[in-house]
$ cat coords.pdb   # PDB, C-alpha atoms
ATOM      1  CA  MET I 118       0.000   0.000   0.000
ATOM      2  CA  ARG I 119       1.391   3.287  -0.987
ATOM      3  CA  PRO I 120       1.906   6.070   1.498
ATOM      4  CA  GLY I 121      -1.156   8.386   1.671
ATOM      5  CA  GLN I 122      -3.456   5.848   0.104
ATOM      6  CA  GLN I 123      -6.609   5.290   2.210
ATOM      7  CA  ILE I 124      -7.815   1.912   3.068
ATOM      8  CA  PRO I 125     -11.200   1.381   1.387
ATOM      9  CA  ILE I 126     -14.060   1.017   3.819
ATOM     10  CA  GLN I 127     -17.050  -1.101   2.891
ATOM     11  CA  HIS I 128     -20.353   0.266   4.178
ATOM     12  CA  GLU I 129     -23.096  -2.129   5.034
ATOM     13  CA  ARG I 130     -26.465  -1.382   3.458
ATOM     14  CA  GLU I 131     -29.305  -0.792   5.857
ATOM     15  CA  ALA I 132     -31.866  -3.503   5.702
ATOM     16  CA  ARG I 133     -35.106  -2.304   4.212
ATOM     17  CA  PRO I 134     -38.216  -3.101   6.288
ATOM     18  CA  LEU I 135     -40.195  -5.864   4.802
ATOM     19  CA  LYS I 136     -43.607  -4.824   3.621
ATOM     20  CA  ARG I 137     -46.203  -6.831   5.470
ATOM     21  CA  ARG I 138     -48.672  -8.467   3.274
ATOM     22  CA  HIS I 139     -52.207  -9.183   4.555
ATOM     23  CA  SER I 140     -54.461 -11.909   3.469
ATOM     24  CA  ALA I 141     -57.675 -11.328   1.575
ATOM     25  CA  SER I 142     -59.714 -12.257   4.665
ATOM     26  CA  TYR I 143     -58.046  -9.368   6.538
ATOM     27  CA  TYR I 144     -59.234  -6.810   4.004
ATOM     28  CA  VAL I 145     -62.694  -8.348   3.952
ATOM     29  CA  HIS I 146     -62.844  -8.055   7.750
ATOM     30  CA  ARG I 147     -61.735  -4.394   7.656
ATOM     31  CA  ALA I 148     -64.303  -3.559   4.985
ATOM     32  CA  ARG I 149     -66.995  -5.296   7.011
ATOM     33  CA  ASP I 150     -66.060  -3.307  10.157
ATOM     34  CA  SER I 151     -66.101  -0.054   8.198
ATOM     35  CA  LEU I 152     -69.513  -0.849   6.726
ATOM     36  CA  THR I 153     -70.876  -1.767  10.161
ATOM     37  CA  THR I 154     -69.635   1.548  11.592
ATOM     38  CA  ARG I 155     -71.253   3.515   8.780
ATOM     39  CA  VAL I 156     -74.556   1.687   9.140
ATOM     40  CA  SER I 157     -74.501   2.262  12.928
ATOM     41  CA  LYS I 158     -73.899   5.979  12.411
ATOM     42  CA  ILE I 159     -76.746   6.197   9.884
ATOM     43  CA  ILE I 160     -79.131   4.353  12.218
ATOM     44  CA  CYS I 161     -78.162   6.597  15.151
ATOM     45  CA  GLY I 162     -78.652   9.688  12.988
ATOM     46  CA  ILE I 163     -82.094   8.516  11.854
ATOM     47  CA  PHE I 164     -83.085   7.668  15.434
ATOM     48  CA  LEU I 165     -81.991  11.069  16.779
ATOM     49  CA  THR I 166     -83.793  12.838  13.930
ATOM     50  CA  LEU I 167     -87.010  10.927  14.610
ATOM     51  CA  LEU I 168     -86.627  11.595  18.323
ATOM     52  CA  PHE I 169     -86.248  15.319  17.659
ATOM     53  CA  ILE I 170     -89.244  15.410  15.315
ATOM     54  CA  GLY I 171     -91.320  13.448  17.843
ATOM     55  CA  GLY I 172     -90.339  15.841  20.621
ATOM     56  CA  VAL I 173     -91.309  18.877  18.552
ATOM     57  CA  ALA I 174     -94.627  17.261  17.594
ATOM     58  CA  ALA I 175     -95.348  16.361  21.221
ATOM     59  CA  PHE I 176     -94.565  19.921  22.327
ATOM     60  CA  ILE I 177     -96.876  21.385  19.675
ATOM     61  CA  ALA I 178     -99.623  18.936  20.682
ATOM     62  CA  TRP I 179     -99.168  19.880  24.333
ATOM     63  CA  LEU I 180     -99.459  23.562  23.502
ATOM     64  CA  SER I 181    -102.701  22.972  21.604
ATOM     65  CA  LEU I 182    -104.219  20.457  24.026
ATOM     66  CA  ARG I 183    -103.063  21.670  27.433
ATOM     67  CA  PRO I 184    -106.240  22.113  29.483
ATOM     68  CA  HIS I 185    -107.280  25.549  30.669
ATOM     69  CA  ARG I 186    -109.529  25.813  33.698
ATOM     70  CA  PRO I 187    -113.077  27.012  33.187
ATOM     71  CA  ARG I 188    -113.392  30.774  33.327
ATOM     72  CA  ILE I 189    -116.186  31.772  35.679
ATOM     73  CA  HIS I 190    -117.481  35.363  35.730
ATOM     74  CA  ILE I 191    -120.123  37.135  37.795
ATOM     75  CA  ARG I 192    -122.221  39.015  35.251
ATOM     76  CA  ASP I 193    -125.042  40.170  37.490
ATOM     77  CA  PHE I 194    -126.219  39.854  41.088
ATOM     78  CA  SER I 195    -129.065  41.611  42.846
ATOM     79  CA  ILE I 196    -131.346  41.507  45.880
ATOM     80  CA  PRO I 197    -134.559  43.354  44.982
ATOM     81  CA  GLY I 198    -136.216  45.154  47.903
ATOM     82  CA  LEU I 199    -133.010  45.486  49.901
ATOM     83  CA  ASP I 200    -133.970  49.081  50.601
ATOM     84  CA  GLN I 201    -137.281  47.957  52.148
ATOM     85  CA  PRO I 202    -137.386  47.473  55.965
ATOM     86  CA  THR I 203    -139.474  44.280  55.686
ATOM     87  CA  GLY I 204    -138.081  43.089  52.355
ATOM     88  CA  PHE I 205    -137.035  39.755  53.829
ATOM     89  CA  ASP I 206    -140.667  38.580  53.672
ATOM     90  CA  ASN I 207    -140.421  38.311  49.877
ATOM     91  CA  ALA I 208    -136.644  38.274  49.550
ATOM     92  CA  GLU I 209    -134.989  37.078  46.352
ATOM     93  CA  ILE I 210    -131.410  36.719  45.226
ATOM     94  CA  ILE I 211    -130.957  36.833  41.464
ATOM     95  CA  PHE I 212    -127.640  36.143  39.821
ATOM     96  CA  ASN I 213    -126.211  35.529  36.383
ATOM     97  CA  ILE I 214    -122.907  33.646  36.028
ATOM     98  CA  THR I 215    -121.073  32.578  32.869
ATOM     99  CA  ALA I 216    -118.774  29.576  32.451
ATOM    100  CA  ARG I 217    -116.320  29.861  29.568
ATOM    101  CA  ASN I 218    -114.420  26.969  27.967
ATOM    102  CA  SER I 219    -111.408  28.614  26.336
ATOM    103  CA  ASN I 220    -109.733  25.383  25.204
ATOM    104  CA  GLN I 221    -109.082  24.680  21.534
ATOM    105  CA  ALA I 222    -109.826  20.955  21.505
ATOM    106  CA  ILE I 223    -110.940  20.001  25.040
ATOM    107  CA  GLY I 224    -114.566  19.814  26.132
ATOM    108  CA  TYR I 225    -116.047  19.760  29.632
ATOM    109  CA  TYR I 226    -118.682  17.487  31.130
ATOM    110  CA  TYR I 227    -120.350  19.223  34.089
ATOM    111  CA  ASP I 228    -122.252  17.163  36.654
ATOM    112  CA  SER I 229    -124.219  18.219  39.756
ATOM    113  CA  VAL I 230    -123.410  21.931  39.648
ATOM    114  CA  GLU I 231    -124.646  23.768  42.769
ATOM    115  CA  ALA I 232    -124.593  27.387  43.918
ATOM    116  CA  PHE I 233    -124.252  28.708  47.484
ATOM    117  CA  VAL I 234    -124.614  32.322  48.624
ATOM    118  CA  TYR I 235    -122.835  33.386  51.819
ATOM    119  CA  TYR I 236    -123.133  36.415  54.018
ATOM    120  CA  ARG I 237    -120.414  36.718  56.649
ATOM    121  CA  SER I 238    -119.540  33.001  56.411
ATOM    122  CA  GLN I 239    -123.194  31.993  56.814
ATOM    123  CA  VAL I 240    -125.045  30.219  54.010
ATOM    124  CA  ILE I 241    -128.165  32.256  53.246
ATOM    125  CA  GLY I 242    -129.193  30.407  50.081
ATOM    126  CA  SER I 243    -128.354  27.388  47.951
ATOM    127  CA  ALA I 244    -129.781  25.496  45.009
ATOM    128  CA  PRO I 245    -128.724  23.219  42.120
ATOM    129  CA  LEU I 246    -127.815  25.167  38.992
ATOM    130  CA  VAL I 247    -127.840  22.318  36.473
ATOM    131  CA  ASP I 248    -127.826  18.540  36.704
ATOM    132  CA  SER I 249    -125.359  17.905  33.877
ATOM    133  CA  PHE I 250    -124.324  19.267  30.503
ATOM    134  CA  TYR I 251    -121.502  19.062  27.972
ATOM    135  CA  GLN I 252    -119.655  22.222  26.989
ATOM    136  CA  GLU I 253    -117.937  22.362  23.612
ATOM    137  CA  PRO I 254    -114.503  24.000  23.216
ATOM    138  CA  LYS I 255    -114.562  27.773  22.722
ATOM    139  CA  ASN I 256    -118.036  27.992  24.198
ATOM    140  CA  THR I 257    -119.742  30.088  26.906
ATOM    141  CA  THR I 258    -122.629  28.828  29.041
ATOM    142  CA  ILE I 259    -124.933  31.136  31.027
ATOM    143  CA  LEU I 260    -125.951  29.952  34.501
ATOM    144  CA  TYR I 261    -128.941  31.936  35.721
ATOM    145  CA  LYS I 262    -130.690  31.374  39.041
ATOM    146  CA  VAL I 263    -133.277  32.954  41.322
ATOM    147  CA  LEU I 264    -133.119  31.988  45.001
ATOM    148  CA  SER I 265    -136.323  32.518  46.933
ATOM    149  CA  GLY I 266    -138.634  30.808  49.394
ATOM    150  CA  ALA I 267    -137.272  27.440  50.528
ATOM    151  CA  THR I 268    -133.907  28.015  48.821
ATOM    152  CA  LEU I 269    -133.253  31.022  51.057
ATOM    153  CA  ASN I 270    -132.429  31.095  54.745
ATOM    154  CA  MET I 271    -133.514  34.657  55.398
ATOM    155  CA  THR I 272    -134.504  36.037  58.802
ATOM    156  CA  SER I 273    -135.364  39.457  60.181
ATOM    157  CA  ASP I 274    -132.051  39.484  62.076
ATOM    158  CA  LEU I 275    -130.102  38.909  58.879
ATOM    159  CA  TRP I 276    -132.085  41.608  57.112
ATOM    160  CA  THR I 277    -131.208  43.999  59.932
ATOM    161  CA  GLU I 278    -127.510  43.220  59.367
ATOM    162  CA  PHE I 279    -128.011  43.907  55.658
ATOM    163  CA  THR I 280    -129.567  47.244  56.545
ATOM    164  CA  LYS I 281    -126.573  48.216  58.696
ATOM    165  CA  ASP I 282    -124.167  47.442  55.850
ATOM    166  CA  ARG I 283    -126.452  49.218  53.392
ATOM    167  CA  ALA I 284    -126.178  52.374  55.481
ATOM    168  CA  VAL I 285    -122.395  52.255  54.939
ATOM    169  CA  GLY I 286    -122.942  51.941  51.176
ATOM    170  CA  THR I 287    -122.057  48.319  50.366
ATOM    171  CA  VAL I 288    -123.397  44.887  51.282
ATOM    172  CA  VAL I 289    -120.898  42.146  50.400
ATOM    173  CA  PHE I 290    -121.860  38.530  49.701
ATOM    174  CA  ARG I 291    -119.932  35.521  48.440
ATOM    175  CA  VAL I 292    -121.080  33.172  45.702
ATOM    176  CA  ASP I 293    -119.651  29.631  45.672
ATOM    177  CA  ILE I 294    -120.081  27.244  42.764
ATOM    178  CA  THR I 295    -119.241  23.551  43.058
ATOM    179  CA  GLY I 296    -119.593  20.686  40.627
ATOM    180  CA  MET I 297    -117.986  17.604  39.112
ATOM    181  CA  VAL I 298    -116.042  18.149  35.898
ATOM    182  CA  ARG I 299    -114.589  15.716  33.356
ATOM    183  CA  PHE I 300    -112.294  16.666  30.492
ATOM    184  CA  LYS I 301    -112.969  15.265  27.026
ATOM    185  CA  VAL I 302    -110.301  15.020  24.300
ATOM    186  CA  SER I 303    -111.570  13.358  21.124
ATOM    187  CA  THR I 304    -112.856   9.968  22.351
ATOM    188  CA  TRP I 305    -110.986  10.037  25.680
ATOM    189  CA  ASP I 306    -112.634  11.181  28.929
ATOM    190  CA  SER I 307    -110.743  11.991  32.111
ATOM    191  CA  LYS I 308    -111.816  10.981  35.583
ATOM    192  CA  ARG I 309    -114.176  13.262  37.516
ATOM    193  CA  HIS I 310    -112.678  16.233  39.371
ATOM    194  CA  ARG I 311    -114.501  18.388  41.903
ATOM    195  CA  MET I 312    -114.478  22.028  40.867
ATOM    196  CA  HIS I 313    -114.699  24.914  43.329
ATOM    197  CA  THR I 314    -115.071  28.585  42.545
ATOM    198  CA  ASN I 315    -115.960  31.549  44.743
ATOM    199  CA  CYS I 316    -116.441  35.250  44.203
ATOM    200  CA  ASP I 317    -117.118  38.158  46.489
ATOM    201  CA  VAL I 318    -119.837  40.392  45.134
ATOM    202  CA  GLY I 319    -121.015  43.730  46.522
ATOM    203  CA  VAL I 320    -124.378  45.385  46.058
ATOM    204  CA  SER I 321    -125.382  49.008  46.451
ATOM    205  CA  PRO I 322    -128.072  50.237  48.909
ATOM    206  CA  ASP I 323    -130.805  49.487  46.356
ATOM    207  CA  GLY I 324    -129.671  45.851  46.040
ATOM    208  CA  SER I 325    -128.087  46.044  42.557
ATOM    209  CA  ILE I 326    -124.532  44.917  41.839
ATOM    210  CA  LEU I 327    -121.800  47.523  42.137
ATOM    211  CA  ALA I 328    -119.873  48.340  38.962
ATOM    212  CA  SER I 329    -116.570  47.246  40.533
ATOM    213  CA  TYR I 330    -117.908  43.688  40.970
ATOM    214  CA  LYS I 331    -119.710  43.341  37.644
ATOM    215  CA  ASN I 332    -118.058  40.916  35.179
ATOM    216  CA  LYS I 333    -115.571  39.930  37.861
ATOM    217  CA  ARG I 334    -113.577  36.755  37.154
ATOM    218  CA  CYS I 335    -113.743  34.162  39.940
ATOM    219  CA  PRO I 336    -110.806  31.914  40.923
ATOM    220  CA  VAL I 337    -111.279  28.231  40.054
ATOM    221  CA  TYR I 338    -109.525  25.243  41.623
ATOM    222  CA  PHE I 339    -109.972  21.471  41.641
ATOM    223  CA  THR I 340    -109.758  18.824  44.357
TER     224      THR I 340
END
$ encode --input "coords.pdb" --output "structure tokens"
Amino acid sequence: MRPGQQIPIQHEREARPLKRRHSASYYVHRARDSLTTRVSKIICGIFLTLLFIGGVAAFIAWLSLRPHRPRIHIRDFSIPGLDQPTGFDNAEIIFNITARNSNQAIGYYYDSVEAFVYYRSQVIGSAPLVDSFYQEPKNTTILYKVLSGATLNMTSDLWTEFTKDRAVGTVVFRVDITGMVRFKVSTWDSKRHRMHTNCDVGVSPDGSILASYKNKRCPVYFT
């Protein structure tokens, strides 16, 4: 070897990684898994879409079918002869009440509707209003009654109390209405619920209803 001549160095070639070959069954299995995943995603998407549509439809149906309570109003109330000292001999209580069904698609069945008139927590008159009737949606029913004779519990002492209040300018009574109510939606009827409603009503010295009480809406609740 001559001076200055380098000794040749032989470099080893790096081994190339062997490319792994898969069998046909491997690719079939991967394709099957991919197809299963896609189908699962499609089914989940369809299910969630249907669930959303069903929820929206149920909400719209609830908005249209949610039951509103009957709307009870005192339209008129009077005691003729209140300004007469001995008016209790032929006393009468006359009142006019309306029941409004404001629902869009729900009807009411009313059963055994009764009216009670109170004066200072004492019942001074009562009578059945109607036995039973069906009220269509978006409908108003007039309940008119005259209490007299046996339907009134009127005494000279009570009339004297009326006279004292009349001297002040206002005699206040309370009208209670009770009855059994069922709700009707298409062909379905609910169970019977007992309805209660009460309204204070004031009359002037001549026995006619005061303007501030006329057309007054009465609270309604069920038990």
$ resolve_selection --input "coords.pdb" --expression "the PyMOL selection byres ((chain I and resi 235) around 10)" --output "MDAnalysis selection string"
chainID I and resid 233:234 236:243 289:293 317
$ resolve_selection --input "coords.pdb" --expression "the PyMOL selection byres ((chain I and resi 219-224) around 8)" --output "list in words"
Ser181, Leu182, Arg183, Pro184, His185, Pro187, Arg188, Arg217, Asn218, Tyr225, Tyr226, Tyr251, Gln252, Glu253, Pro254, Lys255, Asn256, Phe300, Lys301, Val302 and Ser303 of chain I
$ resolve_selection --input "coords.pdb" --expression "the PyMOL selection byres ((chain I and resi 331) around 10)" --output "number ranges by chain"
I: 190-194, 318-320, 326-330, 332-334
$ atom_distance --input "coords.pdb" --atom1 "atom CA of I:Met312" --atom2 "atom CA of I:Ser265"
25.0 Å
$ atom_distance --input "coords.pdb" --atom1 "atom CA of I:Cys335" --atom2 "atom CA of I:Ala208"
25.2 Å
$ atom_distance --input "coords.pdb" --atom1 "atom CA of I:Gly286" --atom2 "atom CA of I:Asp323"
9.5 Å
$ closest_residue --input "coords.pdb" --among "I:Gly324, I:Met271, I:Tyr227, I:Gly172" --to "I:Ile196" --atoms "all atoms listed in the file"
I:Gly324
$ closest_residue --input "coords.pdb" --among "I:Pro197, I:Cys316, I:Gly162, I:Arg311" --to "I:Pro336" --atoms "only C-alpha atoms"
I:Cys316
$ closest_residue --input "coords.pdb" --among "I:Gly296, I:Leu275, I:His310, I:Glu209" --to "I:Lys262" --atoms "only C-alpha atoms"
I:Glu209
$ closest_residue --input "coords.pdb" --among "I:Ser195, I:Thr272, I:Thr257, I:Thr314" --to "I:Ile210" --atoms "only C-alpha atoms"
I:Ser195
$ closest_residue --input "coords.pdb" --among "I:Ile294, I:Glu231, I:Ile163, I:Phe279" --to "I:Ile189" --atoms "all atoms listed in the file"
I:Ile294
